[in-house]
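Visitor: Structure below; questions to follow.
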Amino acid sequence: MNLVSATERFGSLVINSTEQWGRSWIFLYRTVLALIKPPYRPYLYLQQLMMIGVNSTLVIALIGLFTGAVLAVQGEYTLAKFGATAYTGPAVALSLIRELGPVLTALMLIGRAGSAVTAELGIMRITEQVDALRSMAVDPIKYLMAPRLAAGLIAMPLLCGIFNVVGIFGGYCVAVGLLGLSPGTFMSEMTSAVGIVDVKSGFIKSAVFGLIFGWVSCYKGYTCGFGAQGVNKATTQSVVTASVAVLIVDYFLTSVLTRVFMD
Amino acid sequence: MISVRNVHKRFGSQVVLDGVSIEIEPGKTTTVVGPSGVGKSVLLKLIMGIMTPDSGEILIGGENITKARSEAAKNDIRQQLGVLFQSAALFDSLTIYDNIAFPLLERSGLSSSKAHTKVLEIAESLSLGAYLTNYPEQVSIGIRKRVGMARALITEPKILLVDEPNTGLDPLDGQEVYDLINACKNQWGFTGLVISHELPEVFQVSERVAMILGGKIIAEGTPAEMIASADPAVQQFLNGRTDGPIKIQ
Ligand SMILES: Nc1ncnc2c1ncn2[C@@H]1O[C@H](COP(=O)(O)OP(=O)(O)O)[C@@H](O)[C@H]1O
Ligand SMILES: [Mg+2]
């Protein structure tokens, strides 16, 4: 490959991704606008909350349980080196509430529901159902995208809450039941170490991840290309983009929130 | 009823429509024919206002959908249109009943009891009564097309657009769709615009025919005039020959 064609490729890559970036923000803007304006069609929102949120509860609780359990094992192991196993409770709870709860819930939801949202919207697009909506004067952004975006935004923090509670329960069971820590110490150290700022920052992170989830999976479905291949590509891209975005945003958001909540 | 005036449309470097002009006369069914990939579906989407032409304009019932500024203004013009999509494009999360009722509830804002009467009425006249509680994937494509027709006609549009009435159907189902179009035309009396590459079968629903090739309308007339046409491209397409002015990609 010579220099000219390499430059050309790089240039078109930059132009394309800049265009995509711009389009996705316009898409988000239009979806948020559609959320605010009547008519509201509440049943569509309930339907999506059911599919994205309620149907994910069991799997979120399951991985929460085992994440809490493994945190107790690892925490106890590390803290034993400093003779500080009494702090296993705070270690489990803070790790879950501040970091692992929001992130793992987001990654799990992206894998389980985000791919489904993208595939469904993509298939609706290639089978002309989206065109049919428009031909019947129904705005697909309002009818299809807004309910999914809202459902992601609402479901994510709630699922994260479930993840945290079940996770702490799992950690407690392992620490107290298997590793022989005192239940009183576990609970009292935990409640004194965990502050409302930790809960707040976890909650804010989770809400932002919910937005990323809905935004990416809707946008990828809405802009899906031709044929089965188009849906295939859109679904893969949706999961990868959303997961990477969550992890990158997580770093910056954590840095900012830690600063903000310090004083 | 529909005026397409010197419409151009390209995707990237690919020129699809290169100055298409056509008048769809009220009360008649006009068919636009042409080989696959010449831009027939694109033309239909331009008329629906789902795509915008690069230049030229499209008037529907005298109203300019190309110049319509907002989506709401386009929606007003779209009230005149009913569309039967190629694979019916029914919403697969809704039952057949809800699919038929959809435009009444979402577009015309009718109460569900008023919509109910209308749905039963049209389901009766298109013999869909037995399928109302089924989902689209549970019925055959022929029935899905009939449901699509019911959904398109329930708002009593002045114009019916039909994309490829029998592509993907076996000859019997295909014939049924043609009979359906004619029967509905007699009952509802709409202006029809049909898009098809199925010649000469599609002539049985056509009062006027226009052939599109290379981004332009190359011939226009009644079915009889088309059959008698001296244009070599028309003759090649009508007779399904591989040799002639139309190049197969
Ligand atoms: N949204 C689009 N983006 C890019 N190219 C398109 C789009 N829609 C249609 N085309 C191209 O336009 C040409 C005409 O397509 P179409 O109107 O579907 O043909 P047909 O006459 O068979 O209905 C095809 O080459 C197709 O690839
Ligand atoms: Mg087509």
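Letters for chains follow the order of the structure tokens (A, B, ...), residue numbers begin at 1 for each chain, and ligand numbers begin at 1 in the order shown.
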Under the rule of at most 7 Å, produce a per-residue listing of chain B near ligand 1: chain, number, name, the closest pair of atoms, and the distance in Å, as CSV, using only C-alpha atoms and all ligand atoms.
Guide:
```
residue,atom,partner,partner_atom_place_in_ligand_line,distance
B:Phe11,CA,ligand 1,4 (C),5.1
B:Val16,CA,ligand 1,12 (O),5.7
B:Gly34,CA,ligand 1,21 (O),6.7
B:Pro35,CA,ligand 1,21 (O),6.4
B:Ser36,CA,ligand 1,22 (O),3.6
B:Gly37,CA,ligand 1,19 (O),3.3
B:Val38,CA,ligand 1,21 (O),4.1
B:Gly39,CA,ligand 1,17 (O),3.1
B:Lys40,CA,ligand 1,21 (O),3.6
B:Ser41,CA,ligand 1,17 (O),3.6
B:Val42,CA,ligand 1,17 (O),3.9
B:Leu43,CA,ligand 1,17 (O),6.6
```
Visitor: Next, write the just-selected residues to a file, as a tab-separated table (two decimals), in the first residue's frame, keeping all heavy atoms as the atom set.
Guide:
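To be explicit, this is the file written out as selection30.tsv:
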```tsv
chain	number	residue	atom	x	y	z
B	11	PHE	N	-26.79	8.26	-4.55
B	11	PHE	CA	-26.19	7.81	-3.29
B	11	PHE	C	-24.70	7.80	-3.50
B	11	PHE	O	-24.19	6.98	-4.26
B	11	PHE	CB	-26.69	6.42	-2.90
B	11	PHE	CG	-28.17	6.37	-2.64
B	11	PHE	CD1	-29.03	5.83	-3.58
B	11	PHE	CD2	-28.69	6.87	-1.47
B	11	PHE	CE1	-30.39	5.79	-3.35
B	11	PHE	CE2	-30.06	6.83	-1.23
B	11	PHE	CZ	-30.90	6.29	-2.17
B	16	VAL	N	-28.94	7.28	-9.14
B	16	VAL	CA	-30.06	6.34	-9.25
B	16	VAL	C	-31.17	6.95	-10.11
B	16	VAL	O	-31.60	6.36	-11.10
B	16	VAL	CB	-30.58	5.93	-7.86
B	16	VAL	CG1	-31.80	5.05	-7.99
B	16	VAL	CG2	-29.48	5.20	-7.09
B	34	GLY	N	-39.60	-1.72	-14.51
B	34	GLY	CA	-38.19	-1.59	-14.82
B	34	GLY	C	-37.41	-2.69	-14.13
B	34	GLY	O	-37.90	-3.26	-13.15
B	35	PRO	N	-36.22	-3.01	-14.64
B	35	PRO	CA	-35.43	-4.09	-14.04
B	35	PRO	C	-35.06	-3.78	-12.59
B	35	PRO	O	-35.14	-2.64	-12.16
B	35	PRO	CB	-34.17	-4.15	-14.90
B	35	PRO	CG	-34.36	-3.20	-16.02
B	35	PRO	CD	-35.56	-2.38	-15.78
B	36	SER	N	-34.67	-4.82	-11.85
B	36	SER	CA	-34.29	-4.65	-10.45
B	36	SER	C	-33.14	-3.66	-10.32
B	36	SER	O	-32.22	-3.65	-11.13
B	36	SER	CB	-33.83	-5.98	-9.86
B	36	SER	OG	-34.95	-6.75	-9.56
B	37	GLY	N	-33.20	-2.83	-9.29
B	37	GLY	CA	-32.09	-1.94	-8.99
B	37	GLY	C	-32.09	-0.64	-9.77
B	37	GLY	O	-31.15	0.13	-9.67
B	38	VAL	N	-33.15	-0.34	-10.55
B	38	VAL	CA	-33.15	0.92	-11.30
B	38	VAL	C	-33.63	2.09	-10.44
B	38	VAL	O	-33.56	3.23	-10.87
B	38	VAL	CB	-34.02	0.86	-12.57
B	38	VAL	CG1	-33.42	-0.07	-13.58
B	38	VAL	CG2	-35.43	0.49	-12.23
B	39	GLY	N	-34.14	1.78	-9.25
B	39	GLY	CA	-34.55	2.88	-8.37
B	39	GLY	C	-36.05	3.01	-8.23
B	39	GLY	O	-36.56	4.08	-7.89
B	40	LYS	N	-36.79	1.94	-8.45
B	40	LYS	CA	-38.24	2.01	-8.32
B	40	LYS	C	-38.64	2.23	-6.86
B	40	LYS	O	-39.48	3.08	-6.56
B	40	LYS	CB	-38.88	0.71	-8.85
B	40	LYS	CG	-38.56	0.41	-10.31
B	40	LYS	CD	-39.31	-0.79	-10.83
B	40	LYS	CE	-38.97	-2.10	-10.14
B	40	LYS	NZ	-37.57	-2.54	-10.32
B	41	SER	N	-38.02	1.46	-5.97
B	41	SER	CA	-38.36	1.63	-4.55
B	41	SER	C	-37.91	3.00	-4.04
B	41	SER	O	-38.58	3.60	-3.20
B	41	SER	CB	-37.70	0.54	-3.70
B	41	SER	OG	-38.19	-0.72	-4.07
B	42	VAL	N	-36.78	3.47	-4.57
B	42	VAL	CA	-36.31	4.80	-4.19
B	42	VAL	C	-37.35	5.85	-4.60
B	42	VAL	O	-37.70	6.74	-3.83
B	42	VAL	CB	-34.94	5.10	-4.82
B	42	VAL	CG1	-34.58	6.57	-4.68
B	42	VAL	CG2	-33.86	4.23	-4.19
B	43	LEU	N	-37.89	5.71	-5.82
B	43	LEU	CA	-38.93	6.63	-6.28
B	43	LEU	C	-40.12	6.64	-5.32
B	43	LEU	O	-40.65	7.70	-4.95
B	43	LEU	CB	-39.37	6.24	-7.70
B	43	LEU	CG	-40.48	7.10	-8.30
B	43	LEU	CD1	-40.01	8.53	-8.49
B	43	LEU	CD2	-40.94	6.51	-9.64
```
Visitor: Within 7 Å of chain B, which residues belong to chain A? Use only C-alpha atoms and report them as a list in words.
Guide: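 In the required form, that comes to Thr127, Glu128, Gln129, Ala132, Ser135, Met136, Ala137 and Val138 of chain A.
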Visitor: To one decimal in Å, tell me the separation between atom CA of A:Ile126 and atom CA of B:Lys9.
Guide: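 Between these atoms lies a distance of 20.6 Å.
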Visitor: Just the residues within 10 Å of A:Ala106, please, counting only C-alpha atoms, with nothing from its chain fewer than 4 positions along; format it as a PyMOL selection string.
Guide: chain A and resi 60+100-102+110-112+114+152+156-157+159-160+205-210+212-213+242-243+246-247
Visitor: Determine, counting only C-alpha atoms, which protein, DNA and RNA residues have an atom within 6 Å of an atom of stretch 47-56 of chain A; residues of the same chain fewer than 5 positions away are not included. Present the result as an NGL selection string.
Guide: :A and (113 or 148 or 151 or 155)
Visitor: Using N, CA, C and O atoms, can you write the selected residues to a file as a PDB file, in the first residue's frame?
Guide:
```
ATOM      1  N   ALA A 113     -29.489  -7.253  27.044  1.00  0.00           N
ATOM      2  CA  ALA A 113     -30.609  -6.499  26.471  1.00  0.00           C
ATOM      3  C   ALA A 113     -30.186  -5.565  25.341  1.00  0.00           C
ATOM      4  O   ALA A 113     -30.948  -5.338  24.408  1.00  0.00           O
ATOM      5  N   ARG A 148     -37.181   3.026  24.640  1.00  0.00           N
ATOM      6  CA  ARG A 148     -36.018   2.190  24.959  1.00  0.00           C
ATOM      7  C   ARG A 148     -34.957   2.983  25.712  1.00  0.00           C
ATOM      8  O   ARG A 148     -34.326   2.478  26.640  1.00  0.00           O
ATOM      9  N   ALA A 151     -36.248   3.437  29.227  1.00  0.00           N
ATOM     10  CA  ALA A 151     -36.214   2.180  29.977  1.00  0.00           C
ATOM     11  C   ALA A 151     -34.792   1.871  30.441  1.00  0.00           C
ATOM     12  O   ALA A 151     -34.587   1.429  31.581  1.00  0.00           O
ATOM     13  N   ALA A 155     -33.976   1.538  34.269  1.00  0.00           N
ATOM     14  CA  ALA A 155     -33.695   0.172  34.720  1.00  0.00           C
ATOM     15  C   ALA A 155     -32.273   0.022  35.255  1.00  0.00           C
ATOM     16  O   ALA A 155     -32.049  -0.707  36.225  1.00  0.00           O
TER      17      ALA A 155
END
```
Visitor: Please provide as a PyMOL selection string all residues within 10 Å of stretch 168-177 of chain B, with the sequence filter that same-chain residues fewer than 4 positions apart are discarded (counting only C-alpha atoms).
Guide: chain B and resi 86-87+140-143+145-146+149+164+181-183+201-202+204-205
Visitor: For stretch 76-85 of chain A, work out the shell of residues within 12 Å, counting only C-alpha atoms and skipping chain neighbours fewer than 2 positions away, then give it as a ChimeraX atom specification.
Guide: /A:69-74,87-92,171-172,174-176,178-182,185-186,189
Visitor: Which is closer to B:Phe203 than all the others in B:Gly148, B:Gly189, B:Pro165, B:Gly244, using only C-alpha atoms?
Guide: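 The shortest atom-to-atom distance to B:Phe203 comes from B:Pro165.
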Visitor: Excluding same-chain residues fewer than 6 positions from B:Gln138, what lies within 12 Å of it counting only C-alpha atoms, as number ranges by chain?
Guide: B: 92-96, 131-132, 144
Visitor: When distances are computed from only C-alpha atoms and all ligand atoms, which of B:Ile195, B:Ile47, B:Ala68, B:Leu120 shows the smallest separation from ligand 2?
Guide: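 Distance minimum relative to ligand 2 lands on B:Ile195.
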Visitor: So which one's closest to ligand 2, B:Ile100, B:Ile2, B:Met51, B:Val162? Using only C-alpha atoms and all ligand atoms, please.
Guide: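 Closest candidate: B:Val162.
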Visitor: How would you write, as a VMD selection string, the set of residues in stretch 68-104 of chain B that DSSP gives as helix (DSSP H, G or I)?
Guide: chain B and resid 71 to 78 96 to 104
Visitor: Any chance you can output those residues with N, CA and C atoms as an mmCIF file, in the first residue's frame?
Guide:
```cif
data_model
loop_
_atom_site.group_PDB
_atom_site.id
_atom_site.type_symbol
_atom_site.label_atom_id
_atom_site.label_comp_id
_atom_site.auth_asym_id
_atom_site.auth_seq_id
_atom_site.Cartn_x
_atom_site.Cartn_y
_atom_site.Cartn_z
ATOM 1 N N GLU B 71 -41.463 17.791 9.654
ATOM 2 C CA GLU B 71 -42.012 16.443 9.596
ATOM 3 C C GLU B 71 -43.538 16.497 9.754
ATOM 4 N N ALA B 72 -44.013 17.446 10.556
ATOM 5 C CA ALA B 72 -45.453 17.576 10.759
ATOM 6 C C ALA B 72 -46.151 17.972 9.461
ATOM 7 N N ALA B 73 -45.512 18.871 8.701
ATOM 8 C CA ALA B 73 -46.089 19.282 7.425
ATOM 9 C C ALA B 73 -46.111 18.109 6.457
ATOM 10 N N LYS B 74 -45.035 17.302 6.478
ATOM 11 C CA LYS B 74 -45.009 16.105 5.627
ATOM 12 C C LYS B 74 -46.113 15.138 6.040
ATOM 13 N N ASN B 75 -46.293 14.989 7.359
ATOM 14 C CA ASN B 75 -47.326 14.081 7.844
ATOM 15 C C ASN B 75 -48.709 14.471 7.350
ATOM 16 N N ASP B 76 -48.966 15.779 7.270
ATOM 17 C CA ASP B 76 -50.263 16.227 6.754
ATOM 18 C C ASP B 76 -50.469 15.746 5.325
ATOM 19 N N ILE B 77 -49.393 15.860 4.522
ATOM 20 C CA ILE B 77 -49.496 15.429 3.129
ATOM 21 C C ILE B 77 -49.625 13.905 3.048
ATOM 22 N N ARG B 78 -48.928 13.201 3.964
ATOM 23 C CA ARG B 78 -48.967 11.736 3.954
ATOM 24 C C ARG B 78 -50.345 11.179 4.280
ATOM 25 N N ILE B 96 -52.545 -9.215 14.370
ATOM 26 C CA ILE B 96 -53.075 -8.726 13.101
ATOM 27 C C ILE B 96 -54.154 -7.678 13.341
ATOM 28 N N TYR B 97 -54.954 -7.913 14.381
ATOM 29 C CA TYR B 97 -55.963 -6.902 14.729
ATOM 30 C C TYR B 97 -55.304 -5.555 15.027
ATOM 31 N N ASP B 98 -54.269 -5.592 15.880
ATOM 32 C CA ASP B 98 -53.610 -4.336 16.270
ATOM 33 C C ASP B 98 -52.887 -3.701 15.091
ATOM 34 N N ASN B 99 -52.367 -4.535 14.192
ATOM 35 C CA ASN B 99 -51.735 -3.995 12.993
ATOM 36 C C ASN B 99 -52.729 -3.204 12.152
ATOM 37 N N ILE B 100 -53.918 -3.774 11.981
ATOM 38 C CA ILE B 100 -54.919 -3.088 11.152
ATOM 39 C C ILE B 100 -55.411 -1.820 11.851
ATOM 40 N N ALA B 101 -55.544 -1.913 13.172
ATOM 41 C CA ALA B 101 -56.061 -0.760 13.918
ATOM 42 C C ALA B 101 -55.023 0.347 14.073
ATOM 43 N N PHE B 102 -53.754 -0.014 13.886
ATOM 44 C CA PHE B 102 -52.647 0.916 14.172
ATOM 45 C C PHE B 102 -52.811 2.316 13.589
ATOM 46 N N PRO B 103 -53.046 2.436 12.267
ATOM 47 C CA PRO B 103 -53.140 3.799 11.720
ATOM 48 C C PRO B 103 -54.322 4.586 12.284
ATOM 49 N N LEU B 104 -55.399 3.897 12.616
ATOM 50 C CA LEU B 104 -56.554 4.610 13.170
ATOM 51 C C LEU B 104 -56.230 5.180 14.539
#
```
Visitor: With only C-alpha atoms and all ligand atoms as the basis for distance, which of B:Asn166, B:Gln236, B:Asn186, B:Ser229 is at the shortest distance from ligand 2?
Guide: B:Asn166
Visitor: Provide the atom CA of B:Gly240 to atom CA of B:Glu198 distance in Å, to one decimal place.
Guide: 10.1 Å
Visitor: Which one is closest to ligand 2: B:Ile65, B:Val7, B:Val32, B:Ala123? Count only C-alpha atoms and all ligand atoms.
Guide: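 Closest to ligand 2 of all the choices is B:Val32.
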